[in-house]
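Data file: structure-v4.txt. Format and content: compact mmCIF, C-alpha atoms and all ligand atoms.
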# COMPACT_ATOMS: atom_id res chain seq x y z
CA MET C 1 0.00 0.00 0.00
CA ILE C 2 1.15 3.52 -0.78
CA ILE C 3 0.14 6.56 1.27
CA ALA C 4 0.95 9.86 -0.47
CA ILE C 5 1.33 13.04 1.57
CA ASP C 6 1.84 16.34 -0.22
CA GLY C 7 1.74 19.97 0.80
CA PRO C 8 3.78 23.17 1.11
CA ALA C 9 6.93 23.59 3.21
CA GLY C 10 6.41 23.75 6.95
CA ALA C 11 2.88 22.30 6.95
CA GLY C 12 4.03 19.41 9.15
CA LYS C 13 4.01 16.68 6.49
CA SER C 14 7.20 14.94 7.51
CA THR C 15 6.37 14.96 11.23
CA VAL C 16 3.00 13.28 10.72
CA ALA C 17 4.26 11.02 7.92
CA LYS C 18 6.98 9.66 10.21
CA ILE C 19 4.55 8.94 13.06
CA LEU C 20 1.98 7.41 10.73
CA ALA C 21 4.58 5.15 9.08
CA LYS C 22 5.86 3.94 12.45
CA ARG C 23 2.35 3.24 13.70
CA LEU C 24 1.43 1.32 10.56
CA GLY C 25 4.77 -0.46 10.25
CA PHE C 26 5.27 1.13 6.81
CA LEU C 27 8.50 2.51 5.37
CA TYR C 28 8.82 6.30 5.58
CA ILE C 29 10.22 7.94 2.46
CA ASP C 30 11.11 11.64 2.74
CA THR C 31 11.38 12.66 -0.91
CA GLY C 32 12.39 16.23 -0.02
CA ALA C 33 15.49 14.73 1.65
CA MET C 34 16.47 13.28 -1.73
CA TYR C 35 16.36 16.70 -3.46
CA ARG C 36 18.29 18.09 -0.48
CA ALA C 37 20.95 15.37 -0.74
CA LEU C 38 21.49 16.19 -4.41
CA THR C 39 21.76 19.90 -3.56
CA LEU C 40 24.40 19.07 -0.94
CA LYS C 41 26.29 16.97 -3.46
CA ALA C 42 26.29 19.89 -5.93
CA LEU C 43 27.62 22.32 -3.32
CA GLU C 44 30.26 19.86 -2.12
CA ASN C 45 31.45 19.33 -5.71
CA ASN C 46 31.41 23.06 -6.52
CA VAL C 47 28.83 22.56 -9.25
CA PRO C 48 26.95 25.87 -9.56
CA ILE C 49 23.20 25.52 -9.02
CA ASN C 50 22.51 27.14 -12.39
CA ASP C 51 24.71 24.58 -14.18
CA GLU C 52 21.81 22.31 -15.17
CA PRO C 53 23.84 19.76 -17.19
CA GLY C 54 26.30 19.53 -14.26
CA ILE C 55 23.50 18.95 -11.73
CA ILE C 56 21.83 16.36 -13.99
CA GLN C 57 25.16 14.53 -14.30
CA LEU C 58 25.45 14.41 -10.50
CA ALA C 59 21.85 13.15 -10.21
CA LEU C 60 22.57 10.29 -12.60
CA GLY C 61 25.44 9.06 -10.43
CA ILE C 62 23.93 9.68 -6.99
CA LYS C 63 23.30 6.98 -4.39
CA ILE C 64 20.76 7.87 -1.73
CA ASP C 65 19.63 5.54 1.05
CA LEU C 66 16.84 6.38 3.47
CA LEU C 67 17.25 4.28 6.60
CA ASN C 68 14.22 3.94 8.88
CA ASN C 69 15.49 3.68 12.47
CA PRO C 70 13.62 1.69 15.15
CA ASP C 71 12.77 4.93 17.03
CA GLY C 72 10.96 6.27 13.94
CA SER C 73 13.71 8.71 12.92
CA LEU C 74 15.26 8.72 9.47
CA THR C 75 18.94 8.52 8.52
CA VAL C 76 19.74 9.96 5.10
CA MET C 77 22.81 8.46 3.44
CA LEU C 78 24.45 10.16 0.46
CA ASP C 79 27.01 8.03 -1.37
CA GLY C 80 27.53 6.03 1.84
CA GLU C 81 27.82 9.03 4.19
CA ASP C 82 25.29 10.11 6.85
CA VAL C 83 24.05 13.55 5.76
CA SER C 84 20.88 13.69 7.88
CA LEU C 85 21.92 16.93 9.59
CA ALA C 86 23.90 18.51 6.75
CA ILE C 87 20.88 18.52 4.41
CA ARG C 88 18.86 20.63 6.88
CA LYS C 89 21.35 23.54 6.80
CA ALA C 90 20.12 26.93 5.60
CA ARG C 91 22.46 26.86 2.61
CA ILE C 92 20.80 23.70 1.29
CA THR C 93 17.31 25.02 1.98
CA GLN C 94 18.21 28.17 0.06
CA PHE C 95 19.08 26.31 -3.15
CA VAL C 96 17.03 23.10 -3.07
CA SER C 97 13.98 24.44 -4.93
CA ASP C 98 16.20 25.48 -7.85
CA VAL C 99 17.62 21.97 -8.04
CA ALA C 100 14.15 20.39 -7.72
CA LYS C 101 12.76 22.35 -10.65
CA ILE C 102 15.08 20.69 -13.19
CA LYS C 103 13.01 18.25 -15.26
CA GLU C 104 15.73 15.61 -15.72
CA VAL C 105 16.60 15.71 -12.02
CA ARG C 106 12.97 14.97 -11.21
CA GLN C 107 12.93 12.08 -13.68
CA VAL C 108 15.91 10.44 -11.98
CA LEU C 109 14.66 10.95 -8.42
CA VAL C 110 11.05 9.99 -9.22
CA LYS C 111 12.31 6.71 -10.68
CA MET C 112 14.20 6.04 -7.42
CA GLN C 113 11.11 6.95 -5.39
CA ARG C 114 8.95 4.50 -7.34
CA GLU C 115 11.46 1.72 -6.66
CA PHE C 116 10.89 1.97 -2.88
CA LYS C 117 7.54 0.30 -3.52
CA GLU C 118 9.40 -2.97 -4.06
CA LYS C 119 10.56 -2.86 -0.43
CA GLY C 120 7.02 -2.90 0.97
CA ASP C 121 4.22 -0.58 2.11
CA CYS C 122 5.32 3.06 2.15
CA VAL C 123 4.32 6.47 3.38
CA LEU C 124 5.92 9.08 1.10
CA ASP C 125 5.87 12.81 1.60
CA GLY C 126 6.73 15.52 -0.91
CA ARG C 127 5.12 17.88 -3.40
CA ASP C 128 4.16 15.60 -6.31
CA ILE C 129 3.59 12.18 -4.73
CA GLY C 130 -0.16 11.98 -5.32
CA THR C 131 -0.03 13.73 -8.68
CA VAL C 132 3.07 12.27 -10.38
CA VAL C 133 5.10 9.74 -8.39
CA PHE C 134 2.18 7.53 -7.32
CA PRO C 135 -0.98 8.79 -9.01
CA HIS C 136 -2.67 5.49 -8.10
CA ALA C 137 -1.72 5.61 -4.40
CA GLN C 138 -4.43 4.01 -2.28
CA LYS C 139 -4.62 7.02 0.02
CA LYS C 140 -3.63 10.62 -0.61
CA PHE C 141 -3.47 13.55 1.78
CA PHE C 142 -2.75 17.20 1.14
CA ILE C 143 -1.50 18.79 4.35
CA ASP C 144 -1.71 22.56 4.62
CA ALA C 145 -1.56 25.34 7.22
CA SER C 146 -1.63 29.13 7.24
CA ALA C 147 1.60 30.88 6.24
CA GLU C 148 2.03 32.28 9.78
CA VAL C 149 1.79 28.86 11.40
CA ARG C 150 4.10 27.27 8.83
CA ILE C 151 6.70 29.97 9.54
CA GLN C 152 6.41 29.36 13.29
CA ARG C 153 6.75 25.60 12.89
CA ARG C 154 9.77 25.82 10.63
CA PHE C 155 11.36 28.40 12.97
CA LYS C 156 10.90 26.06 15.97
CA GLU C 157 12.20 23.09 13.98
CA LEU C 158 15.40 24.95 13.05
CA LYS C 159 15.88 26.13 16.62
CA GLY C 160 15.52 22.49 17.69
CA LEU C 161 18.36 21.68 15.28
CA SER C 162 20.42 24.44 16.97
CA GLN C 163 20.44 26.52 13.81
CA LYS C 164 20.60 30.26 14.35
CA VAL C 165 18.04 31.88 12.08
CA ALA C 166 15.93 35.01 12.25
CA GLU C 167 12.18 34.58 11.96
CA ASN C 168 11.99 36.97 9.02
CA GLU C 169 14.61 34.88 7.19
CA VAL C 170 12.46 31.76 7.68
CA ALA C 171 9.43 33.68 6.36
CA LYS C 172 11.36 34.84 3.29
CA ASP C 173 12.67 31.35 2.60
CA LEU C 174 9.24 29.72 2.86
CA ALA C 175 7.64 32.32 0.58
CA ASN C 176 10.44 31.92 -1.94
CA ARG C 177 10.28 28.11 -1.96
CA ASP C 178 6.46 28.06 -2.12
CA LYS C 179 6.68 30.30 -5.17
CA ILE C 180 9.28 28.20 -6.99
CA ASP C 181 7.70 24.86 -5.99
CA SER C 182 4.20 25.81 -7.08
CA THR C 183 5.03 27.70 -10.28
CA ARG C 184 7.72 25.45 -11.82
CA GLN C 185 6.90 23.82 -15.16
CA THR C 186 7.58 20.20 -14.16
CA SER C 187 5.34 18.67 -11.47
CA PRO C 188 4.44 21.84 -9.57
CA LEU C 189 3.01 21.50 -6.06
CA ARG C 190 -0.68 20.64 -6.57
CA GLN C 191 -3.35 18.85 -4.63
CA ALA C 192 -4.37 15.65 -6.44
CA PRO C 193 -8.12 15.68 -7.18
CA ASP C 194 -8.60 12.56 -5.03
CA ALA C 195 -6.45 13.76 -2.10
CA ILE C 196 -8.01 14.54 1.27
CA TYR C 197 -7.25 18.14 2.29
CA ILE C 198 -6.30 18.69 5.92
CA ASP C 199 -5.83 22.20 7.28
CA THR C 200 -3.51 21.74 10.27
CA THR C 201 -3.41 25.42 11.28
CA ASN C 202 -5.31 24.84 14.52
CA LEU C 203 -4.46 21.19 15.07
CA SER C 204 -1.74 19.55 17.16
CA ILE C 205 0.47 16.84 15.63
CA GLU C 206 -1.48 14.20 17.59
CA GLN C 207 -4.79 15.55 16.30
CA VAL C 208 -3.57 15.45 12.68
CA VAL C 209 -2.25 11.90 13.04
CA GLU C 210 -5.50 10.78 14.70
CA LYS C 211 -7.53 12.33 11.90
CA MET C 212 -5.42 10.64 9.23
CA PHE C 213 -5.54 7.33 11.04
CA LYS C 214 -9.34 7.47 11.19
CA LEU C 215 -9.54 8.38 7.52
CA LEU C 216 -7.27 5.44 6.67
CA ASN C 217 -9.38 3.00 8.59
CA GLY C 218 -12.73 4.51 7.70
O1 LIG C 301 10.07 18.98 2.11
P1 LIG C 301 11.43 19.69 2.01
O2 LIG C 301 11.40 21.09 2.53
O3 LIG C 301 12.53 18.90 2.61
O4 LIG C 301 11.71 19.75 0.45
C1 LIG C 301 12.84 20.37 -0.08
C2 LIG C 301 12.56 20.91 -1.46
O5 LIG C 301 12.46 19.83 -2.39
C3 LIG C 301 11.27 21.71 -1.60
O6 LIG C 301 11.54 23.09 -1.66
C4 LIG C 301 10.65 21.24 -2.87
C5 LIG C 301 11.42 20.05 -3.29
N1 LIG C 301 10.60 18.84 -3.39
C6 LIG C 301 10.01 18.57 -4.59
O7 LIG C 301 10.10 19.37 -5.51
N2 LIG C 301 9.33 17.41 -4.76
C7 LIG C 301 9.21 16.53 -3.77
N3 LIG C 301 8.54 15.39 -3.97
C8 LIG C 301 9.79 16.81 -2.51
C9 LIG C 301 10.48 17.99 -2.34
Go ahead and render the structure in this file as C-alpha cells.
Amino acid sequence: MIIAIDGPAGAGKSTVAKILAKRLGFLYIDTGAMYRALTLKALENNVPINDEPGIIQLALGIKIDLLNNPDGSLTVMLDGEDVSLAIRKARITQFVSDVAKIKEVRQVLVKMQREFKEKGDCVLDGRDIGTVVFPHAQKKFFIDASAEVRIQRRFKELKGLSQKVAENEVAKDLANRDKIDSTRQTSPLRQAPDAIYIDTTNLSIEQVVEKMFKLLNG
C-alpha cells in the first residue's frame, strides 16, 4: 500500500508522515530529503546551481539511502555518508527548490522513489507524490496550514536543530520556496483531485495523526 502526503513547506508533512509510518509499520520515504541530498552533493562538488547539465550529471550518479530507524527517525545516506543533519542547513534550503525544478533531475529521483515500492508498504511525503510519483496511491493527503503557522513551525524546527536563524529569514525562505515549488513547469506542487485536504493550522500533531488514522481506517 502507498500513502501519499503532499503539501507546502512547513505544513508538518514529515512529522505526521513519520509517526503514521511507524504506527502502521510502513517505510517512511522523505522525498524532499532526496532533493536536499542532491543539492548538498552539488555544493560539495562546486557545481553551480545554475549549471543544469552539471547537476543532472550528478543526479545520474547519486546513491541515496533512506534508513528507517527503530525509534521512527530517518537517517539519510548520500554516497555512503550520513548527511541527515547537513541537508537541513540553511544553505541547502536556500538552493534546493532550484535543483528540484530541473526536469531531468525529477525524472531520476522519481524513478528512485517508485522503486521503494518494491521494499514494501510506504508512506511518502513531498510535493508531487499523489499527482506524479504515485498517481494510483491508495490514500492521498494534502497537508496545509496558514503561512504564519508554517513559519512558526519551521522556525521552531530549526531552533531544535540548533540553527541560528531570524524569523523573518524563515518567512522569506518559505515564501520563496512556495513560489518556486508551485510555479515550476515540471510537477508543480498541486493537490491531487482525489487527495483529502487537511488544514492543520489549529491542530496539534497528535490531532492530525489521529484524523489521518481514522480516515485510513474509515
Ligand atoms: O520537504 P522539504 O522542505 O525537505 O523539500 C525540499 C525541497 O524539495 C522543496 O523546496 C521542494 C522540493 N521537493 C520537490 O520538488 N518534490 C518533492 N517530492 C519533494 C520535495
Closest of C:Ile5, C:Val149, C:Leu60, C:Ala137 to ligand LIG 301 (chain C) - atom-to-atom distances counting all atoms listed in the file |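 Between C:Ile5, C:Val149, C:Leu60, C:Ala137, the residue approaching ligand LIG 301 (chain C) most closely is C:Ile5.
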From the list C:Leu27, C:Val105, C:Met34, C:Ile92, which residue is nearest Gln57 (chain C) when using all atoms listed in the file?
-> C:Val105
Which chains and residue numbers are within 6 Å of ligand LIG 301 (chain C), counting only C-alpha atoms and all ligand atoms, if I want them as a ChimeraX atom specification?
-> /C:9,31-33,35-36,96-97,100,126-129,177,181
Can those selected residues be exported to a file as a short mmCIF file (atom, residue, chain, number, x, y, z; two decimals), keeping the file's coordinate frame so that it contains C-alpha atoms?
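Result file part.cif:
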data_model
loop_
_atom_site.label_atom_id
_atom_site.label_comp_id
_atom_site.auth_asym_id
_atom_site.auth_seq_id
_atom_site.Cartn_x
_atom_site.Cartn_y
_atom_site.Cartn_z
CA ALA C 9 6.93 23.59 3.21
CA THR C 31 11.38 12.66 -0.91
CA GLY C 32 12.39 16.23 -0.02
CA ALA C 33 15.49 14.73 1.65
CA TYR C 35 16.36 16.70 -3.46
CA ARG C 36 18.29 18.09 -0.48
CA VAL C 96 17.03 23.10 -3.07
CA SER C 97 13.98 24.44 -4.93
CA ALA C 100 14.15 20.39 -7.72
CA GLY C 126 6.73 15.52 -0.91
CA ARG C 127 5.12 17.88 -3.40
CA ASP C 128 4.16 15.60 -6.31
CA ILE C 129 3.59 12.18 -4.73
CA ARG C 177 10.28 28.11 -1.96
CA ASP C 181 7.70 24.86 -5.99
#
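Across C:Gly80, C:Gly25, C:Gly72, C:Gly218, the tightest approach to Cys122 (chain C) is made by C:Gly25 when counting only C-alpha atoms.
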Using all atoms listed in the file, which residues sit within 8 Å of Leu124 (chain C) once same-chain residues fewer than 3 positions away are excluded, as a PyMOL selection string?
-> chain C and resi 2-5+17+28-31+129
Do a neighbour search on Pro70 (chain C) at 12 Å with all atoms listed in the file, toss out local chain neighbours closer than 2 positions, and write the hits as a PyMOL selection string.
-> chain C and resi 18-19+21-23+25-28+67-68+72-75
